[in-house]
Amino acid sequence: MPNSLEVVREKLQATAKNAHIVKKGSLVSDADGTYSVGPIVRRPFYEGGRAQFTLDRGPFRTAKAYYLACAQRELDCSRTLFVQSASPSYQKDLEDSSLQVERCVGLLSDLVNRCEGLDDDDPVLAPFSLDIHDIGLKNILVAPDDHTRIVAIVDWQFVNIHPLWCCARLPTWLRPSLSDGDEPTKSRLSTIFRAEIARLDGLDDSTFLHALDATEDARGTLDDLADYDAFRDAFLLLPALENM
């Protein structure tokens with residue numbers, strides 16, 4: 001009898017074969033046991049009371065459509081902050097912040113429109129794929145008698161569908177950090193990590209490594225900036241966008 005991990009793998013393979021993964025969104029299990037792509041489940045669309053707002057959560061046919069929806073999301077959310085009963089001073093603060101939000105949204109939309117390689121202009125890395133980066137060690141269940149044998153992976157609610165260029169990431173402990181000064185060690189280990197990926201792929205030209213490089217260009221920066229709260233984080237977001 002196949003274990004749960006094998007069942008999930010078989011269903012995902014069937015989903016891909018049936019060409020259901022042609023949108024950017026989140027993986028959902030349908031009533032008949034198959035998988036499809038539904039509205040995206042990503043924190044900036046729901047946290048801080050945003051779940052109650054009417055926002056475009058997809059699924060999205062293109063990466064460009066998704067990132068433009070992220071920009072519109074910030075504009076729509078900022079407009080809900082204005083209330084008629086607020087004091088004049090509070091309304092003035094909101095108006096000043098709203099101008100910053102509109103500036104951020106304009107710059108983010110401009111970045112989306114001029115960013116290369118988001119969709120069909122990169123046929124190798126543009127196809128949609130599973131992004132399972134929210135799955136950690138606590139989500140992986142192993143056999144009690146053999147800890148090297150994975151029997152199940154749980155908590156798939158935050159599994160998203162993204163372009164391949166957006167799915168590759170270095171492990172968290174190898175990524176640059178402002179609070180960690182041991183960058184030479186991280187750089188050395190990152191080189192080892194890349195070499196091991198190339199060995200496992202058995203290819204001189206690894207698609208995963210190409211995707212990993214793509215996250216370090218303008219596309220990766222766009223993906224990071226699209227998760228910011230433009231009202232709360234404008235002091236960080238605006239300078240970053242102005243320097244792009």
# chains A, B, ... in the order shown; residues from 1 in each chain; ligands from 1
call {"tool": "residues_around", "arguments": {"residues": "Val37 of chain A", "least_positions_apart": "4", "cutoff": "8 Å", "atoms": "only C-alpha atoms", "output": "list in words"}}
result
His20, Ile21, Lys23, Lys24, Gly25, Ser26, Leu27, Val28, Pro59 and Ile161 of chain A
call {"tool": "write_last_selection", "arguments": {"atoms": "N, CA and C atoms", "output": "CSV table (one decimal), in the first residue's frame"}}
result
chain,number,residue,atom,x,y,z
A,20,HIS,N,-3.0,21.6,-15.2
A,20,HIS,CA,-3.7,22.4,-14.2
A,20,HIS,C,-2.9,23.5,-13.7
A,21,ILE,N,-1.5,23.3,-13.6
A,21,ILE,CA,-0.6,24.2,-13.0
A,21,ILE,C,-0.2,25.2,-14.1
A,23,LYS,N,-1.3,28.6,-13.6
A,23,LYS,CA,-1.6,29.8,-13.0
A,23,LYS,C,-0.8,30.0,-11.7
A,24,LYS,N,-0.7,31.3,-11.3
A,24,LYS,CA,0.1,31.6,-10.1
A,24,LYS,C,-1.0,31.7,-9.0
A,25,GLY,N,-0.9,30.9,-7.9
A,25,GLY,CA,-1.8,30.9,-6.8
A,25,GLY,C,-1.4,30.0,-5.8
A,26,SER,N,-2.3,29.3,-5.1
A,26,SER,CA,-2.0,28.4,-4.1
A,26,SER,C,-2.7,27.0,-4.4
A,27,LEU,N,-2.0,26.0,-3.9
A,27,LEU,CA,-2.5,24.6,-4.2
A,27,LEU,C,-3.7,24.3,-3.3
A,28,VAL,N,-4.7,23.8,-3.9
A,28,VAL,CA,-5.9,23.4,-3.2
A,28,VAL,C,-6.3,22.0,-3.6
A,59,PRO,N,-6.6,33.0,-8.8
A,59,PRO,CA,-5.3,32.8,-9.4
A,59,PRO,C,-5.0,33.6,-10.6
A,161,ILE,N,2.0,28.3,-6.1
A,161,ILE,CA,2.5,28.0,-7.4
A,161,ILE,C,3.1,29.3,-7.9
call {"tool": "residues_around", "arguments": {"residues": "segment 185-188 of chain A", "least_positions_apart": "3", "cutoff": "9 Å", "atoms": "only C-alpha atoms", "output": "short mmCIF file (atom, residue, chain, number, x, y, z; two decimals) with C-alpha atoms, in the first residue's frame"}}
result
data_model
loop_
_atom_site.label_atom_id
_atom_site.label_comp_id
_atom_site.auth_asym_id
_atom_site.auth_seq_id
_atom_site.Cartn_x
_atom_site.Cartn_y
_atom_site.Cartn_z
CA TRP A 173 21.15 29.52 7.06
CA LEU A 174 23.12 30.27 3.88
CA ARG A 175 21.38 33.52 2.96
CA PRO A 176 23.02 36.90 3.64
CA ASP A 182 29.98 35.46 9.18
CA THR A 191 29.60 27.32 -3.12
CA ILE A 192 29.59 23.79 -1.69
CA PHE A 193 25.78 23.74 -1.80
#
call {"tool": "residues_around", "arguments": {"residues": "segment 220-230 of chain A", "least_positions_apart": "6", "cutoff": "8 Å", "atoms": "only C-alpha atoms", "output": "ChimeraX atom specification"}}
result
/A:44,67,70-71,74,100-101,104-105,108,111-112,166,214,237
call {"tool": "closest_residue", "arguments": {"among": "A:Ala31, A:Ala143, A:Arg114, A:Val41", "to": "Asn160 of chain A", "atoms": "only C-alpha atoms"}}
result
A:Val41
call {"tool": "closest_residue", "arguments": {"among": "A:Lys64, A:Trp165, A:Pro127, A:Asp76", "to": "Asp110 of chain A", "atoms": "only C-alpha atoms"}}
result
A:Lys64
call {"tool": "select_by_dssp", "arguments": {"residues": "segment 2-240 of chain A", "states": "helix (DSSP H, G or I)", "output": "VMD selection string"}}
result
chain A and resid 4 to 17 43 to 45 50 to 52 63 to 79 88 to 114 137 to 139 164 to 167 172 to 174 183 to 201 207 to 214 218 to 225 234 to 240
call {"tool": "atom_distance", "arguments": {"atom1": "atom CA of Arg42 of chain A", "atom2": "atom CA of Cys167 of chain A"}}
result
14.4 Å
call {"tool": "select_by_dssp", "arguments": {"residues": "segment 50-212 of chain A", "states": "strand (DSSP E or B)", "output": "JSON, numbers by chain"}}
result
{"A": [60, 128, 129, 130, 131, 140, 141, 142, 143, 146, 147, 148, 149, 150, 151, 152, 153, 160, 161, 162, 163]}
